[in-house]
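input-v2.txt follows (compact mmCIF, C-alpha atoms and all ligand atoms):
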# COMPACT_ATOMS: atom_id res chain seq x y z
CA MET W 1 11.89 -8.73 8.87
CA VAL W 2 11.50 -6.02 11.52
CA GLY W 3 8.09 -6.03 13.27
CA TYR W 4 5.70 -8.94 13.46
CA ALA W 5 2.20 -7.58 14.19
CA PHE W 6 -0.60 -7.45 11.59
CA MET W 7 1.59 -6.34 8.69
CA GLY W 8 4.47 -8.56 9.77
CA ALA W 9 2.13 -11.54 9.76
CA ALA W 10 0.82 -10.59 6.31
CA HIS W 11 4.32 -10.13 4.87
CA SER W 12 5.45 -13.41 6.47
CA GLN W 13 2.58 -15.16 4.73
CA GLY W 14 3.83 -13.69 1.46
CA TRP W 15 7.43 -14.81 2.01
CA ARG W 16 6.38 -18.28 3.18
CA THR W 17 4.23 -18.91 0.15
CA VAL W 18 5.90 -17.14 -2.75
CA GLY W 19 8.52 -19.78 -3.62
CA ARG W 20 5.96 -22.58 -3.50
CA VAL W 21 3.61 -20.94 -5.98
CA PHE W 22 5.80 -18.96 -8.36
CA ASP W 23 8.93 -19.98 -10.25
CA LEU W 24 11.49 -17.51 -8.93
CA PRO W 25 15.00 -16.60 -10.05
CA LEU W 26 16.05 -16.56 -6.36
CA ARG W 27 14.70 -18.50 -3.41
CA PRO W 28 13.84 -16.38 -0.36
CA ALA W 29 14.90 -17.77 3.01
CA MET W 30 13.20 -16.45 6.14
CA ASN W 31 16.33 -16.21 8.25
CA ALA W 32 15.51 -13.76 11.04
CA VAL W 33 12.68 -11.66 12.47
CA CYS W 34 13.20 -8.81 14.89
CA GLY W 35 11.14 -7.29 17.72
CA ARG W 36 11.90 -5.69 21.07
CA ASN W 37 10.24 -8.24 23.33
CA ARG W 38 12.37 -11.40 23.43
CA ASP W 39 9.55 -13.86 24.25
CA ALA W 40 7.05 -12.30 21.89
CA VAL W 41 9.47 -12.20 18.95
CA ALA W 42 10.51 -15.81 19.60
CA ALA W 43 6.84 -16.82 19.53
CA ALA W 44 6.31 -14.81 16.33
CA ALA W 45 9.33 -16.48 14.72
CA ALA W 46 7.92 -19.92 15.50
CA ARG W 47 4.42 -19.03 14.33
CA HIS W 48 5.37 -17.30 11.10
CA GLY W 49 8.28 -19.49 10.07
CA TRP W 50 11.39 -17.40 10.75
CA ALA W 51 14.55 -19.35 11.58
CA ALA W 52 15.85 -16.92 14.23
CA ALA W 53 14.67 -14.05 16.42
CA GLU W 54 16.59 -10.85 17.16
CA THR W 55 15.73 -8.06 19.59
CA ASP W 56 17.77 -5.27 17.94
CA TRP W 57 17.23 -4.53 14.24
CA ARG W 58 20.88 -3.46 13.91
CA ARG W 59 21.82 -7.11 14.43
CA LEU W 60 20.05 -7.93 11.15
CA LEU W 61 22.40 -5.57 9.33
CA ASP W 62 25.43 -7.43 10.69
CA ARG W 63 24.18 -10.81 9.49
CA ASP W 64 25.55 -12.11 6.18
CA ASP W 65 22.50 -14.34 5.76
CA VAL W 66 20.25 -11.24 5.65
CA GLN W 67 20.33 -9.66 2.20
CA LEU W 68 16.90 -8.04 2.31
CA VAL W 69 15.26 -6.20 5.21
CA ASP W 70 11.46 -6.06 5.29
CA ILE W 71 10.26 -3.18 7.52
CA CYS W 72 6.84 -3.74 9.14
CA THR W 73 7.18 -1.34 12.08
CA PRO W 74 5.21 1.85 12.87
CA GLY W 75 6.14 4.78 10.64
CA ASP W 76 8.40 6.57 13.11
CA SER W 77 11.15 3.98 12.64
CA HIS W 78 10.91 3.48 8.86
CA ALA W 79 13.48 6.10 7.88
CA GLU W 80 16.15 5.12 10.39
CA ILE W 81 15.94 1.40 9.64
CA ALA W 82 15.61 1.77 5.86
CA VAL W 83 18.52 4.19 5.47
CA ALA W 84 20.79 2.08 7.71
CA ALA W 85 19.82 -1.13 5.89
CA LEU W 86 20.50 0.38 2.47
CA GLU W 87 23.82 1.78 3.67
CA ALA W 88 24.70 -1.69 4.98
CA GLY W 89 24.15 -3.08 1.47
CA LYS W 90 20.75 -4.69 2.04
CA HIS W 91 17.74 -4.60 -0.26
CA VAL W 92 14.69 -3.09 1.48
CA LEU W 93 10.93 -3.55 1.46
CA CYS W 94 9.16 -0.92 3.59
CA GLU W 95 5.50 -0.84 4.59
CA LYS W 96 3.39 2.16 3.60
CA PRO W 97 3.22 5.04 4.10
CA LEU W 98 6.94 5.30 3.33
CA ALA W 99 7.60 7.69 6.24
CA ASN W 100 6.02 10.10 8.69
CA SER W 101 7.18 13.23 6.89
CA VAL W 102 8.39 14.44 3.51
CA ALA W 103 11.87 15.08 4.96
CA GLU W 104 12.17 11.46 6.11
CA ALA W 105 10.86 10.17 2.79
CA GLU W 106 13.38 12.36 0.95
CA ALA W 107 16.23 10.87 2.98
CA MET W 108 14.94 7.37 2.22
CA ALA W 109 14.58 8.05 -1.50
CA ALA W 110 18.11 9.52 -1.57
CA ALA W 111 19.51 6.43 0.21
CA ALA W 112 17.66 4.20 -2.26
CA GLY W 113 19.11 6.19 -5.16
CA THR W 114 22.65 5.70 -3.85
CA ALA W 115 22.05 2.02 -3.16
CA ARG W 116 20.84 1.48 -6.74
CA ALA W 117 24.36 2.18 -7.95
CA GLY W 118 25.50 -0.79 -5.87
CA GLY W 119 22.74 -3.01 -7.25
CA ARG W 120 20.46 -2.77 -4.18
CA VAL W 121 16.75 -2.14 -4.60
CA ALA W 122 14.07 -0.60 -2.38
CA MET W 123 10.31 -0.96 -2.66
CA VAL W 124 7.27 0.40 -0.76
CA GLY W 125 4.55 -2.02 0.32
CA PHE W 126 1.51 -0.66 -1.49
CA ASN W 127 0.14 -4.18 -1.66
CA TYR W 128 -3.21 -3.42 -3.31
CA ARG W 129 -1.44 -2.80 -6.62
CA ARG W 130 -0.88 -6.56 -6.56
CA THR W 131 -4.57 -7.49 -6.55
CA PRO W 132 -5.00 -9.22 -9.93
CA ALA W 133 -8.11 -7.14 -10.78
CA VAL W 134 -6.24 -3.90 -10.05
CA ALA W 135 -3.27 -5.03 -12.15
CA LEU W 136 -5.71 -5.94 -14.93
CA ALA W 137 -7.31 -2.50 -14.70
CA ARG W 138 -3.88 -0.93 -15.10
CA ARG W 139 -3.23 -3.08 -18.17
CA MET W 140 -6.60 -2.15 -19.72
CA ILE W 141 -6.05 1.55 -19.07
CA ARG W 142 -2.62 1.34 -20.67
CA ASP W 143 -4.20 -0.42 -23.64
CA GLY W 144 -6.54 2.56 -24.04
CA ARG W 145 -9.74 0.75 -23.07
CA ILE W 146 -11.19 3.74 -21.21
CA GLY W 147 -9.48 6.42 -23.32
CA THR W 148 -8.56 9.82 -21.99
CA LEU W 149 -9.15 9.96 -18.25
CA ARG W 150 -11.74 12.37 -16.84
CA HIS W 151 -12.40 11.26 -13.26
CA VAL W 152 -11.03 9.07 -10.50
CA ARG W 153 -13.23 8.40 -7.47
CA ALA W 154 -11.57 6.57 -4.61
CA SER W 155 -12.58 5.74 -1.06
CA TYR W 156 -11.07 3.60 1.66
CA LEU W 157 -13.32 3.21 4.69
CA GLN W 158 -12.96 1.35 7.97
CA ASP W 159 -14.91 1.61 11.24
CA TRP W 160 -12.65 0.45 14.06
CA LEU W 161 -12.56 3.95 15.58
CA VAL W 162 -16.33 4.47 15.72
CA ASP W 163 -16.23 3.20 19.30
CA PRO W 164 -15.07 6.15 21.48
CA GLU W 165 -13.55 3.63 23.88
CA ALA W 166 -11.29 2.06 21.25
CA PRO W 167 -7.76 2.38 22.69
CA LEU W 168 -5.31 5.08 21.77
CA THR W 169 -2.71 2.87 20.07
CA TRP W 170 0.30 4.04 18.03
CA ARG W 171 -1.90 4.48 14.96
CA LEU W 172 -3.63 7.41 16.73
CA ARG W 173 -0.43 9.22 17.66
CA ARG W 174 1.10 11.69 15.28
CA ASP W 175 4.63 11.15 16.62
CA GLN W 176 4.42 7.44 15.78
CA ALA W 177 2.09 7.23 12.77
CA GLY W 178 2.61 10.61 11.09
CA SER W 179 -1.12 11.02 10.42
CA GLY W 180 -4.34 9.06 10.90
CA ALA W 181 -6.73 7.75 8.27
CA LEU W 182 -4.88 9.97 5.81
CA GLY W 183 -1.54 8.12 5.93
CA ASP W 184 -2.97 4.73 6.88
CA LEU W 185 -5.71 4.49 4.26
CA GLY W 186 -5.45 7.65 2.13
CA ALA W 187 -1.90 6.69 1.14
CA HIS W 188 -3.22 3.49 -0.44
CA ILE W 189 -5.84 5.21 -2.57
CA VAL W 190 -3.50 8.01 -3.62
CA ASP W 191 -1.01 5.38 -4.75
CA LEU W 192 -3.69 3.34 -6.52
CA ALA W 193 -5.19 6.38 -8.24
CA GLN W 194 -1.80 7.49 -9.56
CA TYR W 195 -0.78 3.94 -10.51
CA LEU W 196 -3.98 3.31 -12.43
CA ALA W 197 -4.12 6.75 -14.01
CA GLY W 198 -0.45 6.50 -14.95
CA GLU W 199 0.06 10.09 -13.88
CA ARG W 200 0.61 12.23 -10.83
CA LEU W 201 -1.64 14.50 -8.80
CA THR W 202 -0.55 18.11 -9.09
CA GLY W 203 -2.70 19.70 -6.39
CA VAL W 204 -5.37 19.01 -3.78
CA SER W 205 -8.11 20.65 -1.67
CA ALA W 206 -8.81 18.92 1.61
CA VAL W 207 -10.71 18.74 4.85
CA THR W 208 -9.79 16.48 7.75
CA GLY W 209 -11.55 15.80 11.04
CA THR W 210 -11.01 14.16 14.42
CA PHE W 211 -14.28 13.26 16.09
CA VAL W 212 -13.05 11.56 19.25
CA ARG W 213 -10.36 13.71 20.83
CA GLU W 214 -9.59 11.59 23.91
CA ARG W 215 -9.33 7.84 24.21
CA PRO W 216 -8.21 5.29 26.79
CA LEU W 217 -4.47 4.63 26.79
CA PRO W 218 -3.42 0.95 26.65
CA SER W 219 -1.31 1.63 29.77
CA GLY W 220 -4.25 3.17 31.69
CA GLY W 221 -5.74 6.65 31.91
CA ARG W 222 -6.76 8.71 28.90
CA GLY W 223 -4.75 10.45 26.22
CA THR W 224 -5.24 12.92 23.39
CA VAL W 225 -5.68 11.74 19.82
CA THR W 226 -3.25 13.68 17.65
CA VAL W 227 -4.24 12.45 14.18
CA ASP W 228 -7.24 12.66 11.87
CA ASP W 229 -10.12 10.18 11.99
CA ALA W 230 -11.06 11.02 8.41
CA ALA W 231 -9.67 12.93 5.43
CA LEU W 232 -11.62 14.03 2.36
CA PHE W 233 -9.97 15.69 -0.59
CA THR W 234 -10.23 16.47 -4.24
CA GLY W 235 -7.29 16.53 -6.61
CA ARG W 236 -6.23 17.43 -10.11
CA PHE W 237 -4.00 15.25 -12.29
CA ALA W 238 -1.31 16.53 -14.60
CA SER W 239 -3.60 15.83 -17.60
CA GLY W 240 -6.42 17.87 -16.06
CA ALA W 241 -8.43 14.80 -14.95
CA LEU W 242 -10.19 15.31 -11.61
CA ALA W 243 -10.15 13.03 -8.57
CA SER W 244 -11.93 12.68 -5.26
CA PHE W 245 -10.70 10.76 -2.23
CA GLU W 246 -12.26 9.74 1.07
CA ALA W 247 -10.33 7.97 3.84
CA SER W 248 -12.00 7.21 7.14
CA ARG W 249 -11.65 4.95 10.16
CA VAL W 250 -15.05 6.02 11.55
CA ALA W 251 -17.36 4.89 8.71
CA ALA W 252 -19.73 2.66 10.67
CA GLY W 253 -20.28 -0.69 9.02
CA ARG W 254 -17.36 -0.36 6.61
CA LYS W 255 -14.70 -2.87 7.60
CA ASN W 256 -12.06 -2.60 4.91
CA ALA W 257 -13.98 -1.03 2.04
CA LEU W 258 -11.59 0.13 -0.65
CA ARG W 259 -13.25 1.24 -3.87
CA ILE W 260 -11.90 2.99 -6.91
CA GLU W 261 -13.57 3.97 -10.18
CA LEU W 262 -12.05 5.60 -13.23
CA ASN W 263 -14.07 7.26 -15.95
CA GLY W 264 -12.58 7.98 -19.35
CA GLU W 265 -13.97 9.21 -22.65
CA ARG W 266 -14.19 5.62 -23.99
CA GLY W 267 -15.37 3.82 -20.86
CA SER W 268 -15.10 3.19 -17.13
CA LEU W 269 -13.47 0.70 -14.77
CA ALA W 270 -14.48 0.04 -11.17
CA PHE W 271 -12.88 -2.08 -8.43
CA ASP W 272 -14.26 -2.99 -5.00
CA LEU W 273 -11.96 -4.80 -2.55
CA GLU W 274 -14.96 -6.59 -1.04
CA ARG W 275 -15.30 -8.31 -4.43
CA LEU W 276 -11.62 -8.48 -5.21
CA ASN W 277 -11.82 -11.22 -7.83
CA GLU W 278 -13.96 -8.97 -10.02
CA LEU W 279 -13.45 -5.90 -12.16
CA SER W 280 -16.36 -3.87 -13.58
CA PHE W 281 -15.91 -2.49 -17.07
CA HIS W 282 -18.17 -0.30 -19.16
CA ASP W 283 -17.28 0.16 -22.84
CA GLN W 284 -18.70 3.50 -23.95
CA THR W 285 -18.02 2.68 -27.61
CA GLU W 286 -20.60 -0.12 -27.67
CA PRO W 287 -24.10 0.62 -29.01
CA ALA W 288 -26.05 2.25 -26.15
CA VAL W 289 -28.89 -0.28 -26.34
CA ALA W 290 -26.63 -3.12 -25.21
CA ALA W 291 -23.92 -1.22 -23.32
CA GLY W 292 -23.51 -1.23 -19.55
CA PHE W 293 -21.15 -2.27 -16.80
CA ARG W 294 -20.12 -5.88 -17.04
CA ARG W 295 -18.36 -8.04 -14.49
CA ILE W 296 -15.01 -9.53 -15.46
CA LEU W 297 -14.22 -12.50 -13.24
CA VAL W 298 -10.47 -12.01 -12.81
CA THR W 299 -9.43 -15.63 -12.32
CA GLU W 300 -8.20 -16.60 -15.80
CA PRO W 301 -4.62 -17.78 -16.37
CA GLY W 302 -4.21 -14.84 -18.75
CA HIS W 303 -4.93 -12.39 -15.93
CA PRO W 304 -2.06 -10.91 -13.88
CA TYR W 305 -0.48 -13.37 -11.40
CA LEU W 306 -3.15 -16.03 -11.94
CA LYS W 307 -1.36 -18.57 -14.10
CA ALA W 308 0.48 -19.78 -10.97
CA TRP W 309 -2.70 -20.21 -8.89
CA TRP W 310 -5.93 -22.20 -9.03
CA PRO W 311 -8.15 -23.11 -12.00
CA PRO W 312 -10.52 -20.34 -13.22
CA GLY W 313 -13.25 -19.32 -10.81
CA HIS W 314 -11.54 -20.43 -7.59
CA GLY W 315 -10.53 -16.95 -6.48
CA LEU W 316 -7.87 -15.27 -4.36
CA GLY W 317 -7.96 -13.03 -1.25
CA TYR W 318 -6.22 -10.24 0.67
CA GLU W 319 -3.22 -12.35 1.65
CA HIS W 320 -2.33 -13.11 -1.96
CA THR W 321 -1.46 -9.45 -2.56
CA PHE W 322 1.51 -9.99 -0.22
CA VAL W 323 2.60 -13.11 -2.08
CA HIS W 324 2.53 -11.13 -5.33
CA GLN W 325 4.43 -8.27 -3.71
CA ALA W 326 7.16 -10.70 -2.64
CA ARG W 327 7.22 -12.21 -6.14
CA ASP W 328 7.67 -8.86 -7.86
CA LEU W 329 10.37 -7.79 -5.41
CA VAL W 330 12.34 -11.03 -5.83
CA HIS W 331 12.29 -10.51 -9.60
CA ALA W 332 13.53 -6.93 -9.20
CA VAL W 333 16.32 -8.06 -6.85
CA ALA W 334 17.41 -10.77 -9.29
CA ALA W 335 17.31 -8.48 -12.31
CA GLY W 336 18.75 -5.48 -10.46
CA THR W 337 15.89 -3.34 -11.77
CA GLU W 338 14.00 -0.59 -9.94
CA PRO W 339 10.94 -2.16 -8.30
CA ALA W 340 7.58 -0.41 -8.43
CA PRO W 341 6.47 1.29 -6.30
CA SER W 342 9.97 2.59 -5.63
CA PHE W 343 10.98 4.82 -2.73
CA ALA W 344 10.72 7.72 -5.20
CA ASP W 345 7.07 6.77 -5.72
CA GLY W 346 6.60 6.53 -1.94
CA LEU W 347 8.13 9.98 -1.54
CA GLN W 348 5.73 11.40 -4.09
CA VAL W 349 2.73 9.92 -2.21
CA GLN W 350 4.17 11.49 0.94
CA ARG W 351 4.19 14.86 -0.83
CA VAL W 352 0.52 14.44 -1.72
CA LEU W 353 -0.26 13.62 1.94
CA ALA W 354 1.65 16.73 3.04
CA ALA W 355 -0.28 18.85 0.53
CA VAL W 356 -3.54 17.40 1.90
CA GLU W 357 -2.59 18.38 5.44
CA ALA W 358 -1.50 21.85 4.34
CA SER W 359 -4.75 22.34 2.44
CA ALA W 360 -6.84 21.17 5.41
CA ALA W 361 -4.92 23.53 7.70
CA GLY W 362 -5.67 26.33 5.23
CA ASN W 363 -9.39 25.58 5.26
CA CYS W 364 -9.50 23.61 2.03
CA ALA W 365 -7.21 25.98 0.11
CA TYR W 366 -6.08 24.49 -3.21
CA THR W 367 -2.51 23.33 -2.52
CA PRO W 368 -0.04 22.29 -5.23
CA VAL W 369 1.88 19.07 -4.67
CA SER W 370 5.43 20.31 -4.65
CA PRO W 371 7.76 20.05 -6.37
CA ALA W 372 5.70 19.38 -9.50
CA VAL W 373 6.65 16.01 -11.01
CA ALA W 374 4.51 15.21 -13.99
CA ASP W 375 6.27 12.11 -15.26
CA PHE W 376 5.18 8.73 -14.06
CA PRO W 377 7.75 5.94 -14.36
CA THR W 378 6.27 3.12 -16.41
C1 LIG M 1 -5.18 -0.50 9.32
O1 LIG M 1 -6.09 0.48 9.15
C2 LIG M 1 -4.70 -1.26 8.08
O2 LIG M 1 -4.03 -2.35 8.63
C3 LIG M 1 -3.73 -0.52 7.18
O3 LIG M 1 -2.63 -0.04 7.89
C4 LIG M 1 -3.30 -1.44 6.06
O4 LIG M 1 -2.40 -0.80 5.20
C5 LIG M 1 -4.55 -1.88 5.30
O5 LIG M 1 -4.20 -2.77 4.28
C6 LIG M 1 -5.52 -2.54 6.22
O6 LIG M 1 -5.81 -1.69 7.30

Could you quickly redo this structure as structure tokens?
Ligand code: SOE
Amino acid sequence: MVGYAFMGAAHSQGWRTVGRVFDLPLRPAMNAVCGRNRDAVAAAAARHGWAAAETDWRRLLDRDDVQLVDICTPGDSHAEIAVAALEAGKHVLCEKPLANSVAEAEAMAAAAGTARAGGRVAMVGFNYRRTPAVALARRMIRDGRIGTLRHVRASYLQDWLVDPEAPLTWRLRRDQAGSGALGDLGAHIVDLAQYLAGERLTGVSAVTGTFVRERPLPSGGRGTVTVDDAALFTGRFASGALASFEASRVAAGRKNALRIELNGERGSLAFDLERLNELSFHDQTEPAVAAGFRRILVTEPGHPYLKAWWPPGHGLGYEHTFVHQARDLVHAVAAGTEPAPSFADGLQVQRVLAAVEASAAGNCAYTPVSPAVADFPT
């Protein structure tokens, strides 16, 4: 694994746990973690359960006991590490958003395509797909339970930038993060919307805003914020269904509020990360006098991922999405099949993000996601 901060800790939790909960065709071994600061990476290795610590990620590529590289670094290093790892014959898991630009994401998707021929796989870490309730929603939509899709409404809100004195970390720098709330949070809801809908966005209209332009630098003094604090956009799916998205890191009181609702001609499904063991379902075909949203408690052994966990009603949390992500990737590695979301999927999300930025720059002008790719891999 490269990087060991918040996402590195979350991924480590996934790797540590996955083989103890799920029956796997391969057993992951946490052989080495990498970071630039020797003492800090050694401490992270001890805390998170990695056998060795390296200070140069290239060393991981030379090691025979490293067959998969998990990239948990800021976006500006994703492309370089992922392409080199794939070329060195490693499987790759890369945190979202896939890259900081469409060009980088294209290079990564091309490298993943070449590596596939040699049996190597590459996956993007859109972990929320692995929430059992979200996976159940996908299954129900595929089974036709909400019928033809009309609307998707998605928001992902946090508030850690409400404070104007919150420091100007890498996540607020365009050169390191690519974009702000858009890439950090908007990427998740774009991926979820497309995953659940089973189709791609073809165009968007967007506004973005930065409310606090200068912030204290961690090293002292003040610096300029070069990314968005919030991004709002509408979109159109290939089928004609309409979508709205809101991503913000300045929504006071909202800590990690991810919500998504889909409305179809036969019913609706709604998910709220703050109640992640539940899925709301309305069946429009029921007699109106008794119809209405009902709460499905997604803790049954028949629900996605849950057979391996606790008895019904005991519930899972945020960290379990990373265990499920590791599980699905290990299965793809063993079977030599393309994991989902693939780097091609990550590239397509990157194209949506680029269209959002272009639309916002053009004062909300409707901007096609280019090139048009209507097919969604199932
Ligand atoms: C920070 O806003 C962040 O850590 C995102 O980068 C993650 O992807 C999200 O899961 C939680 O919030």

Ile146 of chain W: which residues within 10 Å, counting all atoms listed in the file, same-chain residues fewer than 4 positions away excluded, as an MDAnalysis selection string? chainID W and resid 137 140:142 150 262:269 281:285

Could you check which of W:Ala133, W:Ala177, W:Leu258, W:Asp328 is closest to His303 of chain W, using all atoms listed in the file?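 Comparing W:Ala133, W:Ala177, W:Leu258, W:Asp328 against His303 of chain W, the winner is W:Ala133.
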
Can you tell me which residues sit at most 7 Å away from ligand LIG 1 (chain M), counting all atoms listed in the file, written as a list in words? Phe6, Met7, Lys96, Asp184, Leu185 and Asn256 of chain W

Please measure the separation of atom CA of Pro97 of chain W and atom CA of Val352 of chain W, giving the value in Å to one decimal.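 Separation between atom CA of Pro97 of chain W and atom CA of Val352 of chain W: 11.4 Å.
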
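For the set W:Thr367, W:Thr337, W:Thr131, W:Gln158, the residue with the smallest atom-to-atom gap to Val250 of chain W is W:Gln158, counting all atoms listed in the file.
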
In Å, with one decimal, what is the gap from atom CA of Gln176 of chain W to atom CA of Ser101 of chain W?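 Interatomic distance, atom CA of Gln176 of chain W to atom CA of Ser101 of chain W: 11.0 Å.
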
Have a look at W:Val121, W:Glu214, W:Val18, W:Cys72 and name the one nearest to Ala334 of chain W; count all atoms listed in the file. W:Val121
